[in-house]
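Asks: Take a look at the following structure, please.
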Amino acid sequence: MQPSRHEKVAALFEEERELHRLLSQETRHYIVQFVLAHPEHLLSLDELDYAVSSKAKASIRSQLDRLIEAGIIAEYTHEPSAGKRDLPSNFYGFTDHGIEVLERFQYIEALPVLRALYDNMEKSARVQRHEDAPRPELPGAVEEALSFDEDVETDRDVPETTSFGGESAEEGSGSAGNSEEAEIADPGGDLDEHLDFAND
């Protein structure tokens, strides 16, 4: 028996609700924002650990796994860096399905502002080294969806410097510091207006 129109609508509503719950959990929400903000949209686990410094690395890894299970984020490997001590080889970025979800929830519209804020964040020498490390290529459709004219200025005020994690821009590890410093600033207060933080 084919599902009724009511059942189809109910299924779509439930899917939307589950996606909203998935994205609005605090740690996952920040992971998505930082991956969006990154110039290459691919972050190592250490970069995420430093960025989301209010959470333990194990918690970040756990929430990454949830996003991977949901097909929103995938792990990408840069084989030439595998086994090298000072360079990361595994990175986390969006999938084709992840892009569809981001477009549905209007995350991509915030990309220019998030990039501007990211560019002004303080980073430790170690995180800067990770940011400059070679990376694998994203799928063409993902890269295209996340491209924008970076020469166009945003109409939002961006702080001259924004702390990235709990450290000064010196050598050190993440996961230590003030959580308020770790979060991407939102001067206008409207980046999160479509999301309510959940607890799981």
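Chain identifiers are assigned as A, B, and so on, following the order in which chains appear in the structure tokens; residues are numbered from 1 within each chain, and ligands are numbered from 1 in order of appearance.
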With only C-alpha atoms as the counted atoms, please give the residues lying no more than 10 Å from Gln63 of chain A, apart from itself and same-chain residues fewer than 2 positions off, as a ChimeraX atom specification.

Replies: /A:22,25-29,31,57-61,65-69,200

Asks: Apply DSSP to the structure's backbone, then extract all residues of segment 57-167 of chain A labelled alpha helix (DSSP H) and return them as a PDB file with C-alpha atoms, in the first residue's frame.

Replies:
```pdb
ATOM      1  CA  LYS A  57      38.567  16.374  22.392  1.00  0.00           C
ATOM      2  CA  ALA A  58      36.718  13.083  22.965  1.00  0.00           C
ATOM      3  CA  SER A  59      33.403  14.954  22.940  1.00  0.00           C
ATOM      4  CA  ILE A  60      34.273  16.722  19.699  1.00  0.00           C
ATOM      5  CA  ARG A  61      35.258  13.394  18.154  1.00  0.00           C
ATOM      6  CA  SER A  62      31.969  11.875  19.316  1.00  0.00           C
ATOM      7  CA  GLN A  63      29.908  14.669  17.774  1.00  0.00           C
ATOM      8  CA  LEU A  64      31.935  14.466  14.566  1.00  0.00           C
ATOM      9  CA  ASP A  65      30.994  10.790  14.412  1.00  0.00           C
ATOM     10  CA  ARG A  66      27.313  11.760  14.692  1.00  0.00           C
ATOM     11  CA  LEU A  67      27.663  14.166  11.777  1.00  0.00           C
ATOM     12  CA  ILE A  68      29.512  11.509   9.771  1.00  0.00           C
ATOM     13  CA  GLU A  69      26.819   8.920  10.515  1.00  0.00           C
ATOM     14  CA  ASP A  96      27.064  16.506  -1.102  1.00  0.00           C
ATOM     15  CA  HIS A  97      24.242  15.649   1.308  1.00  0.00           C
ATOM     16  CA  GLY A  98      25.744  17.980   3.888  1.00  0.00           C
ATOM     17  CA  ILE A  99      25.595  20.843   1.394  1.00  0.00           C
ATOM     18  CA  GLU A 100      21.920  20.111   0.730  1.00  0.00           C
ATOM     19  CA  VAL A 101      21.231  20.268   4.472  1.00  0.00           C
ATOM     20  CA  LEU A 102      23.219  23.496   4.897  1.00  0.00           C
ATOM     21  CA  GLU A 103      21.285  25.098   2.055  1.00  0.00           C
ATOM     22  CA  ARG A 104      17.996  23.969   3.541  1.00  0.00           C
ATOM     23  CA  LEU A 111      29.575  31.953   4.965  1.00  0.00           C
ATOM     24  CA  PRO A 112      31.096  35.386   4.098  1.00  0.00           C
ATOM     25  CA  VAL A 113      30.587  36.644   7.660  1.00  0.00           C
ATOM     26  CA  LEU A 114      31.953  33.464   9.208  1.00  0.00           C
ATOM     27  CA  ARG A 115      35.017  33.650   6.935  1.00  0.00           C
ATOM     28  CA  ALA A 116      35.679  37.263   7.884  1.00  0.00           C
ATOM     29  CA  LEU A 117      35.465  36.371  11.571  1.00  0.00           C
ATOM     30  CA  TYR A 118      37.672  33.323  11.100  1.00  0.00           C
ATOM     31  CA  ASP A 119      40.332  35.359   9.316  1.00  0.00           C
ATOM     32  CA  ALA A 125      51.487  28.466  15.943  1.00  0.00           C
ATOM     33  CA  ARG A 126      50.452  24.809  15.904  1.00  0.00           C
ATOM     34  CA  VAL A 127      46.950  25.564  14.624  1.00  0.00           C
ATOM     35  CA  GLN A 128      48.383  27.920  12.003  1.00  0.00           C
ATOM     36  CA  ARG A 129      50.696  25.119  10.876  1.00  0.00           C
ATOM     37  CA  HIS A 130      47.712  22.806  10.569  1.00  0.00           C
ATOM     38  CA  GLU A 131      45.767  25.446   8.629  1.00  0.00           C
ATOM     39  CA  GLY A 140      33.640  19.356  -7.054  1.00  0.00           C
ATOM     40  CA  ALA A 141      30.001  20.019  -6.202  1.00  0.00           C
ATOM     41  CA  VAL A 142      30.870  20.688  -2.548  1.00  0.00           C
ATOM     42  CA  GLU A 143      33.691  23.065  -3.428  1.00  0.00           C
ATOM     43  CA  GLU A 144      31.500  24.921  -5.900  1.00  0.00           C
ATOM     44  CA  ALA A 145      28.645  25.318  -3.414  1.00  0.00           C
TER      45      ALA A 145
END
```

Asks: Output as a PyMOL selection string all residues of segment 48-123 of chain A that backbone DSSP marks as strand (DSSP E or B).

Replies: chain A and resi 73-77+90-94+121-122

Asks: Point out the residue among A:Ile73, A:Asn90, A:Phe105, A:Lys55 with the least atom-to-atom distance to Ser24 of chain A, counting only C-alpha atoms.

Replies: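 Using only C-alpha atoms, Ser24 of chain A sits closest to A:Phe105.
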